[in-house]
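A.B. asks: This is the structure, below, for whatever I ask next.
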Amino acid sequence: MIKVGDTLPSTTLMEYSEVEGEGCSIGPNPVDVAKAVAGKTIALFALPGAFTPTCSAKHVPGYVESADAFKAAGVDEIWCLSVNDAFVMGAWARDQKVAGKVRMLADGSADFAKATGLTLDLTGRGMGLRSNRYSMLVKDGKVQTLNIEAPGKFEVSDAQTLLAQAKG
C-alpha cells in the first residue's frame, strides 16, 4: 500500500473535457499522472463511486466550497478520483458544479487504485473493484499526507482535514 514519502504510480487517468482546448478535445482525454503532478501540489481525494449519497452530499461539495482556501494554502489543483468512466465523472462534475475548482478524474479500470493498494472490493454488492475513500496531499508527485477512511466512516478524508494539513 502507498504511504507517506512514496511517489504516485505512473498511470493514466481520464478526464472529460467540456470544451476543446490546447491538446485536448471535447470528451474523454488522458491524464498522465506523472506529468500532471510534476512541480505541483495536489490535494487528491478518492471515492468508491460517483453519485453516491455521502460523496455527493458531503465529500465533493466540501472540496468545492474550500477550493479558494486550498489555493491560498499553496495547493495548485484539487483532484477527485473514482472508479468510473470519464463520461460518468463528467456528468458528476456538471451535477456538482465543480468547474474550475475540482478536476474529476476517472480511474475506469481501477489501475490507480490497484497500483496504490487502496482498493475496496465491492464484488459481493455487484459493484466490482472500487477505490477506498481517502485523501492525500501530494507535492511534486510525492505523498506528503495520507488519510484513509475506515469502512462506513467519513472522518479523515474530508476537505477540512486535508486543508489543515495543507496549511501545515
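Labels for the C-alpha cells follow display order: chains A, B, ..., residues from 1 in each chain, ligands from 1.
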Tell me which protein, DNA and RNA residues are within 12 Å of region 88-95 of chain A, counting only C-alpha atoms, leaving out same-chain ones fewer than 4 positions away, and put them as a ChimeraX atom specification.
C.D. replies: /A:13-19,26-29,47,49-52,55-57,60-61,64,79-84,99-108
A.B. asks: Determine, counting only C-alpha atoms, which protein, DNA and RNA residues have an atom within 12 Å of an atom of Gly5 (chain A); residues of the same chain fewer than 6 positions away are not included. Present the result as a PDB file with N, CA, C and O atoms, in the first residue's frame.
C.D. replies:
```
ATOM      1  N   MET A 136      -5.191  12.660   0.141  1.00  0.00           N
ATOM      2  CA  MET A 136      -3.741  12.816   0.304  1.00  0.00           C
ATOM      3  C   MET A 136      -3.315  14.157  -0.256  1.00  0.00           C
ATOM      4  O   MET A 136      -3.947  14.714  -1.141  1.00  0.00           O
ATOM      5  N   LEU A 137      -2.250  14.662   0.314  1.00  0.00           N
ATOM      6  CA  LEU A 137      -1.597  15.854  -0.194  1.00  0.00           C
ATOM      7  C   LEU A 137      -0.341  15.374  -0.902  1.00  0.00           C
ATOM      8  O   LEU A 137       0.450  14.604  -0.335  1.00  0.00           O
ATOM      9  N   VAL A 138      -0.173  15.795  -2.154  1.00  0.00           N
ATOM     10  CA  VAL A 138       0.933  15.339  -2.992  1.00  0.00           C
ATOM     11  C   VAL A 138       1.720  16.548  -3.460  1.00  0.00           C
ATOM     12  O   VAL A 138       1.147  17.506  -3.986  1.00  0.00           O
ATOM     13  N   LYS A 139       3.039  16.519  -3.254  1.00  0.00           N
ATOM     14  CA  LYS A 139       3.911  17.593  -3.736  1.00  0.00           C
ATOM     15  C   LYS A 139       4.920  17.008  -4.703  1.00  0.00           C
ATOM     16  O   LYS A 139       5.681  16.112  -4.339  1.00  0.00           O
ATOM     17  N   ASP A 140       4.896  17.510  -5.933  1.00  0.00           N
ATOM     18  CA  ASP A 140       5.812  17.065  -6.983  1.00  0.00           C
ATOM     19  C   ASP A 140       5.809  15.537  -7.111  1.00  0.00           C
ATOM     20  O   ASP A 140       6.853  14.925  -7.270  1.00  0.00           O
ATOM     21  N   GLY A 141       4.620  14.947  -6.988  1.00  0.00           N
ATOM     22  CA  GLY A 141       4.471  13.508  -7.165  1.00  0.00           C
ATOM     23  C   GLY A 141       4.674  12.662  -5.929  1.00  0.00           C
ATOM     24  O   GLY A 141       4.425  11.464  -5.962  1.00  0.00           O
ATOM     25  N   LYS A 142       5.131  13.267  -4.832  1.00  0.00           N
ATOM     26  CA  LYS A 142       5.381  12.503  -3.595  1.00  0.00           C
ATOM     27  C   LYS A 142       4.266  12.747  -2.588  1.00  0.00           C
ATOM     28  O   LYS A 142       3.848  13.880  -2.358  1.00  0.00           O
ATOM     29  N   VAL A 143       3.825  11.663  -1.960  1.00  0.00           N
ATOM     30  CA  VAL A 143       2.762  11.729  -0.961  1.00  0.00           C
ATOM     31  C   VAL A 143       3.293  12.374   0.311  1.00  0.00           C
ATOM     32  O   VAL A 143       4.266  11.893   0.902  1.00  0.00           O
ATOM     33  N   GLN A 144       2.662  13.480   0.717  1.00  0.00           N
ATOM     34  CA  GLN A 144       3.050  14.196   1.940  1.00  0.00           C
ATOM     35  C   GLN A 144       2.186  13.784   3.129  1.00  0.00           C
ATOM     36  O   GLN A 144       2.680  13.683   4.241  1.00  0.00           O
ATOM     37  N   THR A 145       0.895  13.606   2.884  1.00  0.00           N
ATOM     38  CA  THR A 145      -0.031  13.130   3.921  1.00  0.00           C
ATOM     39  C   THR A 145      -0.976  12.128   3.269  1.00  0.00           C
ATOM     40  O   THR A 145      -1.242  12.198   2.078  1.00  0.00           O
ATOM     41  N   LEU A 146      -1.483  11.200   4.074  1.00  0.00           N
ATOM     42  CA  LEU A 146      -2.406  10.189   3.582  1.00  0.00           C
ATOM     43  C   LEU A 146      -3.434   9.906   4.666  1.00  0.00           C
ATOM     44  O   LEU A 146      -3.072   9.579   5.799  1.00  0.00           O
TER      45      LEU A 146
END
```
A.B. asks: Find the distance between CA of Asp158 (chain A) and CA of Gly62 (chain A) and write it in Å to one decimal.
C.D. replies: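 Taking CA of Asp158 (chain A) and CA of Gly62 (chain A), their separation equals 7.0 Å.
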A.B. asks: Using only C-alpha atoms for the distances, tell me which of A:Asp111, A:Ala38, A:Lys3, A:Ser157 is nearest to Asp76 (chain A).
C.D. replies: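 Distance minimum relative to Asp76 (chain A) lands on A:Ala38.
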A.B. asks: Would you kindly return, as number ranges by chain, each protein, DNA or RNA residue with an atom no farther than 8 Å from any atom of region 66-73 of chain A, considering only C-alpha atoms and excluding same-chain residues fewer than 5 positions away?
C.D. replies: A: 43, 78, 101-102, 159-160, 163, 166-167
A.B. asks: Let's have the selection written as an mmCIF file, in the first residue's frame, with all heavy atoms.
C.D. replies:
```cif
data_model
loop_
_atom_site.group_PDB
_atom_site.id
_atom_site.type_symbol
_atom_site.label_atom_id
_atom_site.label_comp_id
_atom_site.auth_asym_id
_atom_site.auth_seq_id
_atom_site.Cartn_x
_atom_site.Cartn_y
_atom_site.Cartn_z
ATOM 1 N N ALA A 43 -4.122 18.385 -3.959
ATOM 2 C CA ALA A 43 -4.996 17.830 -2.924
ATOM 3 C C ALA A 43 -5.838 16.791 -3.647
ATOM 4 O O ALA A 43 -6.643 17.130 -4.520
ATOM 5 C CB ALA A 43 -5.866 18.913 -2.312
ATOM 6 N N ILE A 78 -7.032 20.531 -7.116
ATOM 7 C CA ILE A 78 -7.757 19.544 -6.326
ATOM 8 C C ILE A 78 -8.241 18.482 -7.301
ATOM 9 O O ILE A 78 -8.856 18.801 -8.309
ATOM 10 C CB ILE A 78 -8.962 20.171 -5.592
ATOM 11 C CG1 ILE A 78 -8.508 21.293 -4.661
ATOM 12 C CG2 ILE A 78 -9.723 19.092 -4.812
ATOM 13 C CD1 ILE A 78 -9.656 22.113 -4.077
ATOM 14 N N LYS A 101 -12.702 24.273 -10.165
ATOM 15 C CA LYS A 101 -12.362 24.088 -8.750
ATOM 16 C C LYS A 101 -11.807 22.702 -8.450
ATOM 17 O O LYS A 101 -10.851 22.577 -7.704
ATOM 18 C CB LYS A 101 -13.587 24.361 -7.879
ATOM 19 C CG LYS A 101 -14.038 25.812 -7.980
ATOM 20 C CD LYS A 101 -15.191 26.103 -7.074
ATOM 21 C CE LYS A 101 -15.537 27.584 -7.212
ATOM 22 N NZ LYS A 101 -16.502 28.015 -6.255
ATOM 23 N N VAL A 102 -12.420 21.672 -9.012
ATOM 24 C CA VAL A 102 -12.009 20.288 -8.760
ATOM 25 C C VAL A 102 -11.946 19.555 -10.094
ATOM 26 O O VAL A 102 -12.883 19.626 -10.886
ATOM 27 C CB VAL A 102 -13.012 19.566 -7.822
ATOM 28 C CG1 VAL A 102 -12.614 18.109 -7.624
ATOM 29 C CG2 VAL A 102 -13.122 20.270 -6.476
ATOM 30 N N ALA A 159 -12.602 17.594 3.272
ATOM 31 C CA ALA A 159 -11.833 18.765 2.847
ATOM 32 C C ALA A 159 -11.153 19.464 4.007
ATOM 33 O O ALA A 159 -10.000 19.893 3.889
ATOM 34 C CB ALA A 159 -12.731 19.734 2.084
ATOM 35 N N GLN A 160 -11.823 19.603 5.126
ATOM 36 C CA GLN A 160 -11.251 20.370 6.246
ATOM 37 C C GLN A 160 -10.018 19.690 6.842
ATOM 38 O O GLN A 160 -9.058 20.352 7.208
ATOM 39 C CB GLN A 160 -12.310 20.626 7.311
ATOM 40 C CG GLN A 160 -13.417 21.563 6.824
ATOM 41 C CD GLN A 160 -12.884 22.825 6.172
ATOM 42 O OE1 GLN A 160 -12.088 23.558 6.747
ATOM 43 N NE2 GLN A 160 -13.321 23.097 4.945
ATOM 44 N N LEU A 163 -7.263 20.235 4.239
ATOM 45 C CA LEU A 163 -6.909 21.656 4.203
ATOM 46 C C LEU A 163 -6.020 22.009 5.385
ATOM 47 O O LEU A 163 -5.020 22.736 5.219
ATOM 48 C CB LEU A 163 -8.170 22.524 4.197
ATOM 49 C CG LEU A 163 -7.941 24.034 4.173
ATOM 50 C CD1 LEU A 163 -7.114 24.450 2.962
ATOM 51 C CD2 LEU A 163 -9.293 24.743 4.173
ATOM 52 N N ALA A 166 -2.652 20.878 4.591
ATOM 53 C CA ALA A 166 -2.026 21.720 3.552
ATOM 54 C C ALA A 166 -1.479 23.004 4.153
ATOM 55 O O ALA A 166 -0.438 23.511 3.729
ATOM 56 C CB ALA A 166 -3.035 22.041 2.448
ATOM 57 N N LYS A 167 -2.186 23.537 5.142
ATOM 58 C CA LYS A 167 -1.742 24.759 5.813
ATOM 59 C C LYS A 167 -0.538 24.474 6.703
ATOM 60 O O LYS A 167 0.194 25.387 7.065
ATOM 61 C CB LYS A 167 -2.870 25.358 6.631
ATOM 62 C CG LYS A 167 -3.976 25.951 5.780
ATOM 63 C CD LYS A 167 -5.090 26.506 6.642
ATOM 64 C CE LYS A 167 -6.173 27.148 5.819
ATOM 65 N NZ LYS A 167 -7.270 27.657 6.653
#
```
A.B. asks: Where does DSSP see helix (DSSP H, G or I) in chain A, if you list the residues as a PDB file with N, CA and C atoms, in the first residue's frame?
C.D. replies:
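Result file states_12.pdb:
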```
ATOM      1  N   VAL A  33      -0.461  10.767 -14.997  1.00  0.00           N
ATOM      2  CA  VAL A  33      -0.319  11.196 -13.602  1.00  0.00           C
ATOM      3  C   VAL A  33       1.051  11.803 -13.344  1.00  0.00           C
ATOM      4  N   ALA A  34       2.109  11.150 -13.774  1.00  0.00           N
ATOM      5  CA  ALA A  34       3.461  11.647 -13.505  1.00  0.00           C
ATOM      6  C   ALA A  34       3.675  13.045 -14.076  1.00  0.00           C
ATOM      7  N   LYS A  35       3.200  13.283 -15.283  1.00  0.00           N
ATOM      8  CA  LYS A  35       3.354  14.603 -15.892  1.00  0.00           C
ATOM      9  C   LYS A  35       2.446  15.632 -15.227  1.00  0.00           C
ATOM     10  N   ALA A  36       1.237  15.227 -14.870  1.00  0.00           N
ATOM     11  CA  ALA A  36       0.260  16.164 -14.313  1.00  0.00           C
ATOM     12  C   ALA A  36       0.618  16.651 -12.916  1.00  0.00           C
ATOM     13  N   VAL A  37       1.387  15.863 -12.159  1.00  0.00           N
ATOM     14  CA  VAL A  37       1.739  16.268 -10.790  1.00  0.00           C
ATOM     15  C   VAL A  37       3.110  16.923 -10.695  1.00  0.00           C
ATOM     16  N   PRO A  53     -24.524   8.763  -2.217  1.00  0.00           N
ATOM     17  CA  PRO A  53     -25.124   9.769  -1.333  1.00  0.00           C
ATOM     18  C   PRO A  53     -24.125  10.599  -0.513  1.00  0.00           C
ATOM     19  N   THR A  54     -23.241   9.963   0.229  1.00  0.00           N
ATOM     20  CA  THR A  54     -22.297  10.722   1.062  1.00  0.00           C
ATOM     21  C   THR A  54     -21.343  11.531   0.209  1.00  0.00           C
ATOM     22  N   CYS A  55     -20.862  10.942  -0.872  1.00  0.00           N
ATOM     23  CA  CYS A  55     -19.894  11.628  -1.727  1.00  0.00           C
ATOM     24  C   CYS A  55     -20.512  12.849  -2.410  1.00  0.00           C
ATOM     25  N   SER A  56     -21.774  12.734  -2.823  1.00  0.00           N
ATOM     26  CA  SER A  56     -22.445  13.847  -3.497  1.00  0.00           C
ATOM     27  C   SER A  56     -22.942  14.910  -2.531  1.00  0.00           C
ATOM     28  N   ALA A  57     -23.307  14.502  -1.338  1.00  0.00           N
ATOM     29  CA  ALA A  57     -23.874  15.453  -0.374  1.00  0.00           C
ATOM     30  C   ALA A  57     -22.822  16.134   0.492  1.00  0.00           C
ATOM     31  N   LYS A  58     -21.700  15.443   0.756  1.00  0.00           N
ATOM     32  CA  LYS A  58     -20.709  15.987   1.687  1.00  0.00           C
ATOM     33  C   LYS A  58     -19.312  16.118   1.101  1.00  0.00           C
ATOM     34  N   HIS A  59     -18.850  15.029   0.488  1.00  0.00           N
ATOM     35  CA  HIS A  59     -17.447  14.973   0.096  1.00  0.00           C
ATOM     36  C   HIS A  59     -17.095  16.004  -0.975  1.00  0.00           C
ATOM     37  N   VAL A  60     -17.678  15.863  -2.152  1.00  0.00           N
ATOM     38  CA  VAL A  60     -17.354  16.773  -3.250  1.00  0.00           C
ATOM     39  C   VAL A  60     -17.712  18.215  -2.897  1.00  0.00           C
ATOM     40  N   PRO A  61     -18.913  18.490  -2.356  1.00  0.00           N
ATOM     41  CA  PRO A  61     -19.230  19.883  -2.009  1.00  0.00           C
ATOM     42  C   PRO A  61     -18.236  20.511  -1.028  1.00  0.00           C
ATOM     43  N   GLY A  62     -17.705  19.727  -0.109  1.00  0.00           N
ATOM     44  CA  GLY A  62     -16.723  20.253   0.845  1.00  0.00           C
ATOM     45  C   GLY A  62     -15.460  20.737   0.153  1.00  0.00           C
ATOM     46  N   TYR A  63     -15.012  20.002  -0.849  1.00  0.00           N
ATOM     47  CA  TYR A  63     -13.818  20.414  -1.595  1.00  0.00           C
ATOM     48  C   TYR A  63     -14.116  21.603  -2.503  1.00  0.00           C
ATOM     49  N   VAL A  64     -15.285  21.623  -3.113  1.00  0.00           N
ATOM     50  CA  VAL A  64     -15.664  22.757  -3.962  1.00  0.00           C
ATOM     51  C   VAL A  64     -15.714  24.035  -3.126  1.00  0.00           C
ATOM     52  N   GLU A  65     -16.370  23.964  -1.962  1.00  0.00           N
ATOM     53  CA  GLU A  65     -16.501  25.132  -1.082  1.00  0.00           C
ATOM     54  C   GLU A  65     -15.150  25.599  -0.540  1.00  0.00           C
ATOM     55  N   ALA A  67     -12.201  25.337  -2.169  1.00  0.00           N
ATOM     56  CA  ALA A  67     -11.215  25.481  -3.256  1.00  0.00           C
ATOM     57  C   ALA A  67     -10.345  26.721  -3.091  1.00  0.00           C
ATOM     58  N   ASP A  68     -10.931  27.852  -2.770  1.00  0.00           N
ATOM     59  CA  ASP A  68     -10.143  29.076  -2.608  1.00  0.00           C
ATOM     60  C   ASP A  68      -9.178  28.971  -1.432  1.00  0.00           C
ATOM     61  N   ALA A  69      -9.615  28.337  -0.357  1.00  0.00           N
ATOM     62  CA  ALA A  69      -8.747  28.160   0.812  1.00  0.00           C
ATOM     63  C   ALA A  69      -7.582  27.226   0.480  1.00  0.00           C
ATOM     64  N   PHE A  70      -7.833  26.184  -0.320  1.00  0.00           N
ATOM     65  CA  PHE A  70      -6.741  25.305  -0.755  1.00  0.00           C
ATOM     66  C   PHE A  70      -5.733  26.090  -1.585  1.00  0.00           C
ATOM     67  N   LYS A  71      -6.209  26.913  -2.509  1.00  0.00           N
ATOM     68  CA  LYS A  71      -5.302  27.731  -3.333  1.00  0.00           C
ATOM     69  C   LYS A  71      -4.465  28.651  -2.447  1.00  0.00           C
ATOM     70  N   ALA A  72      -5.115  29.277  -1.452  1.00  0.00           N
ATOM     71  CA  ALA A  72      -4.401  30.172  -0.536  1.00  0.00           C
ATOM     72  C   ALA A  72      -3.347  29.426   0.278  1.00  0.00           C
ATOM     73  N   ALA A  86     -14.959   8.196 -17.732  1.00  0.00           N
ATOM     74  CA  ALA A  86     -14.847   9.653 -17.868  1.00  0.00           C
ATOM     75  C   ALA A  86     -16.196  10.318 -18.139  1.00  0.00           C
ATOM     76  N   PHE A  87     -17.093   9.629 -18.809  1.00  0.00           N
ATOM     77  CA  PHE A  87     -18.412  10.208 -19.085  1.00  0.00           C
ATOM     78  C   PHE A  87     -19.200  10.393 -17.788  1.00  0.00           C
ATOM     79  N   VAL A  88     -19.144   9.402 -16.915  1.00  0.00           N
ATOM     80  CA  VAL A  88     -19.822   9.496 -15.616  1.00  0.00           C
ATOM     81  C   VAL A  88     -19.199  10.603 -14.780  1.00  0.00           C
ATOM     82  N   MET A  89     -17.872  10.675 -14.769  1.00  0.00           N
ATOM     83  CA  MET A  89     -17.206  11.719 -13.983  1.00  0.00           C
ATOM     84  C   MET A  89     -17.528  13.103 -14.541  1.00  0.00           C
ATOM     85  N   GLY A  90     -17.654  13.209 -15.868  1.00  0.00           N
ATOM     86  CA  GLY A  90     -18.036  14.479 -16.480  1.00  0.00           C
ATOM     87  C   GLY A  90     -19.450  14.883 -16.084  1.00  0.00           C
ATOM     88  N   ALA A  91     -20.361  13.926 -16.081  1.00  0.00           N
ATOM     89  CA  ALA A  91     -21.745  14.204 -15.673  1.00  0.00           C
ATOM     90  C   ALA A  91     -21.799  14.594 -14.198  1.00  0.00           C
ATOM     91  N   TRP A  92     -21.012  13.910 -13.384  1.00  0.00           N
ATOM     92  CA  TRP A  92     -20.979  14.222 -11.955  1.00  0.00           C
ATOM     93  C   TRP A  92     -20.386  15.617 -11.735  1.00  0.00           C
ATOM     94  N   ALA A  93     -19.381  15.968 -12.516  1.00  0.00           N
ATOM     95  CA  ALA A  93     -18.781  17.307 -12.424  1.00  0.00           C
ATOM     96  C   ALA A  93     -19.817  18.380 -12.707  1.00  0.00           C
ATOM     97  N   ARG A  94     -20.619  18.167 -13.752  1.00  0.00           N
ATOM     98  CA  ARG A  94     -21.685  19.132 -14.067  1.00  0.00           C
ATOM     99  C   ARG A  94     -22.711  19.188 -12.935  1.00  0.00           C
ATOM    100  N   ASP A  95     -23.104  18.038 -12.424  1.00  0.00           N
ATOM    101  CA  ASP A  95     -24.084  17.971 -11.342  1.00  0.00           C
ATOM    102  C   ASP A  95     -23.592  18.684 -10.084  1.00  0.00           C
ATOM    103  N   GLN A  96     -22.313  18.544  -9.780  1.00  0.00           N
ATOM    104  CA  GLN A  96     -21.725  19.119  -8.564  1.00  0.00           C
ATOM    105  C   GLN A  96     -21.192  20.540  -8.768  1.00  0.00           C
ATOM    106  N   ASP A 111      -6.885   1.015 -12.249  1.00  0.00           N
ATOM    107  CA  ASP A 111      -5.424   0.869 -12.318  1.00  0.00           C
ATOM    108  C   ASP A 111      -4.722   1.681 -11.240  1.00  0.00           C
ATOM    109  N   PHE A 112      -5.162   2.917 -11.029  1.00  0.00           N
ATOM    110  CA  PHE A 112      -4.553   3.756  -9.992  1.00  0.00           C
ATOM    111  C   PHE A 112      -4.829   3.164  -8.610  1.00  0.00           C
ATOM    112  N   ALA A 113      -6.067   2.769  -8.375  1.00  0.00           N
ATOM    113  CA  ALA A 113      -6.431   2.184  -7.075  1.00  0.00           C
ATOM    114  C   ALA A 113      -5.595   0.931  -6.795  1.00  0.00           C
ATOM    115  N   LYS A 114      -5.455   0.079  -7.803  1.00  0.00           N
ATOM    116  CA  LYS A 114      -4.662  -1.143  -7.619  1.00  0.00           C
ATOM    117  C   LYS A 114      -3.193  -0.815  -7.387  1.00  0.00           C
ATOM    118  N   ALA A 115      -2.660   0.140  -8.147  1.00  0.00           N
ATOM    119  CA  ALA A 115      -1.240   0.494  -8.022  1.00  0.00           C
ATOM    120  C   ALA A 115      -0.919   1.103  -6.659  1.00  0.00           C
ATOM    121  N   THR A 116      -1.890   1.772  -6.045  1.00  0.00           N
ATOM    122  CA  THR A 116      -1.664   2.351  -4.720  1.00  0.00           C
ATOM    123  C   THR A 116      -1.989   1.364  -3.606  1.00  0.00           C
ATOM    124  N   THR A 123     -17.394  -6.506  -4.980  1.00  0.00           N
ATOM    125  CA  THR A 123     -17.916  -7.508  -5.896  1.00  0.00           C
ATOM    126  C   THR A 123     -19.173  -8.156  -5.332  1.00  0.00           C
ATOM    127  N   GLY A 124     -19.188  -8.425  -4.041  1.00  0.00           N
ATOM    128  CA  GLY A 124     -20.345  -9.046  -3.405  1.00  0.00           C
ATOM    129  C   GLY A 124     -21.598  -8.199  -3.481  1.00  0.00           C
ATOM    130  N   ARG A 125     -21.432  -6.917  -3.715  1.00  0.00           N
ATOM    131  CA  ARG A 125     -22.573  -5.999  -3.850  1.00  0.00           C
ATOM    132  C   ARG A 125     -22.843  -5.637  -5.310  1.00  0.00           C
ATOM    133  N   ALA A 159     -12.602  17.594   3.272  1.00  0.00           N
ATOM    134  CA  ALA A 159     -11.833  18.765   2.847  1.00  0.00           C
ATOM    135  C   ALA A 159     -11.153  19.464   4.007  1.00  0.00           C
ATOM    136  N   GLN A 160     -11.823  19.603   5.126  1.00  0.00           N
ATOM    137  CA  GLN A 160     -11.251  20.370   6.246  1.00  0.00           C
ATOM    138  C   GLN A 160     -10.018  19.690   6.842  1.00  0.00           C
ATOM    139  N   THR A 161     -10.029  18.363   6.908  1.00  0.00           N
ATOM    140  CA  THR A 161      -8.851  17.630   7.403  1.00  0.00           C
ATOM    141  C   THR A 161      -7.658  17.853   6.485  1.00  0.00           C
ATOM    142  N   LEU A 162      -7.869  17.690   5.174  1.00  0.00           N
ATOM    143  CA  LEU A 162      -6.770  17.849   4.228  1.00  0.00           C
ATOM    144  C   LEU A 162      -6.334  19.309   4.136  1.00  0.00           C
ATOM    145  N   LEU A 163      -7.263  20.235   4.239  1.00  0.00           N
ATOM    146  CA  LEU A 163      -6.909  21.656   4.203  1.00  0.00           C
ATOM    147  C   LEU A 163      -6.020  22.009   5.385  1.00  0.00           C
ATOM    148  N   ALA A 164      -6.327  21.520   6.564  1.00  0.00           N
ATOM    149  CA  ALA A 164      -5.496  21.772   7.747  1.00  0.00           C
ATOM    150  C   ALA A 164      -4.084  21.227   7.527  1.00  0.00           C
ATOM    151  N   GLN A 165      -3.975  20.081   6.888  1.00  0.00           N
ATOM    152  CA  GLN A 165      -2.651  19.510   6.589  1.00  0.00           C
ATOM    153  C   GLN A 165      -1.923  20.348   5.546  1.00  0.00           C
ATOM    154  N   ALA A 166      -2.652  20.878   4.591  1.00  0.00           N
ATOM    155  CA  ALA A 166      -2.026  21.720   3.552  1.00  0.00           C
ATOM    156  C   ALA A 166      -1.479  23.004   4.153  1.00  0.00           C
ATOM    157  N   LYS A 167      -2.186  23.537   5.142  1.00  0.00           N
ATOM    158  CA  LYS A 167      -1.742  24.759   5.813  1.00  0.00           C
ATOM    159  C   LYS A 167      -0.538  24.474   6.703  1.00  0.00           C
TER     160      LYS A 167
END
```
A.B. asks: So what do you get for CA of Asp32 (chain A) versus CA of Ser135 (chain A), distance-wise?
C.D. replies: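 These two atoms are separated by 19.4 Å.
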A.B. asks: Go through A:Asp85, A:Glu20, A:Val75, A:Ser25 and flag the residue nearest Ile42 (chain A), using only C-alpha atoms for the distances.
C.D. replies: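 For Ile42 (chain A), the nearest of the given residues is A:Val75.
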A.B. asks: Just the strand (DSSP E or B) stuff from chain A, please, per backbone DSSP, written as an MDAnalysis selection string.
C.D. replies: chainID A and resid 7 12:17 21 24 27:32 41:47 77:82 103:106 119:122 128:131 134:139 142:148
A.B. asks: Rounded to one decimal, what separation in Å do you get between CA of Met1 (chain A) and CA of Val98 (chain A)?
C.D. replies: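 One can read the CA of Met1 (chain A) to CA of Val98 (chain A) distance as 29.4 Å.
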A.B. asks: Of the residues A:Asn147, A:Gly117, A:Asn132, A:Gly21, which is the one nearest to Pro9 (chain A), using only C-alpha atoms?
C.D. replies: A:Gly117
A.B. asks: With distances taken over only C-alpha atoms, which of A:Leu118, A:Thr7, A:Gly168, A:Leu44 is nearest to Ala150 (chain A)?
C.D. replies: A:Leu118
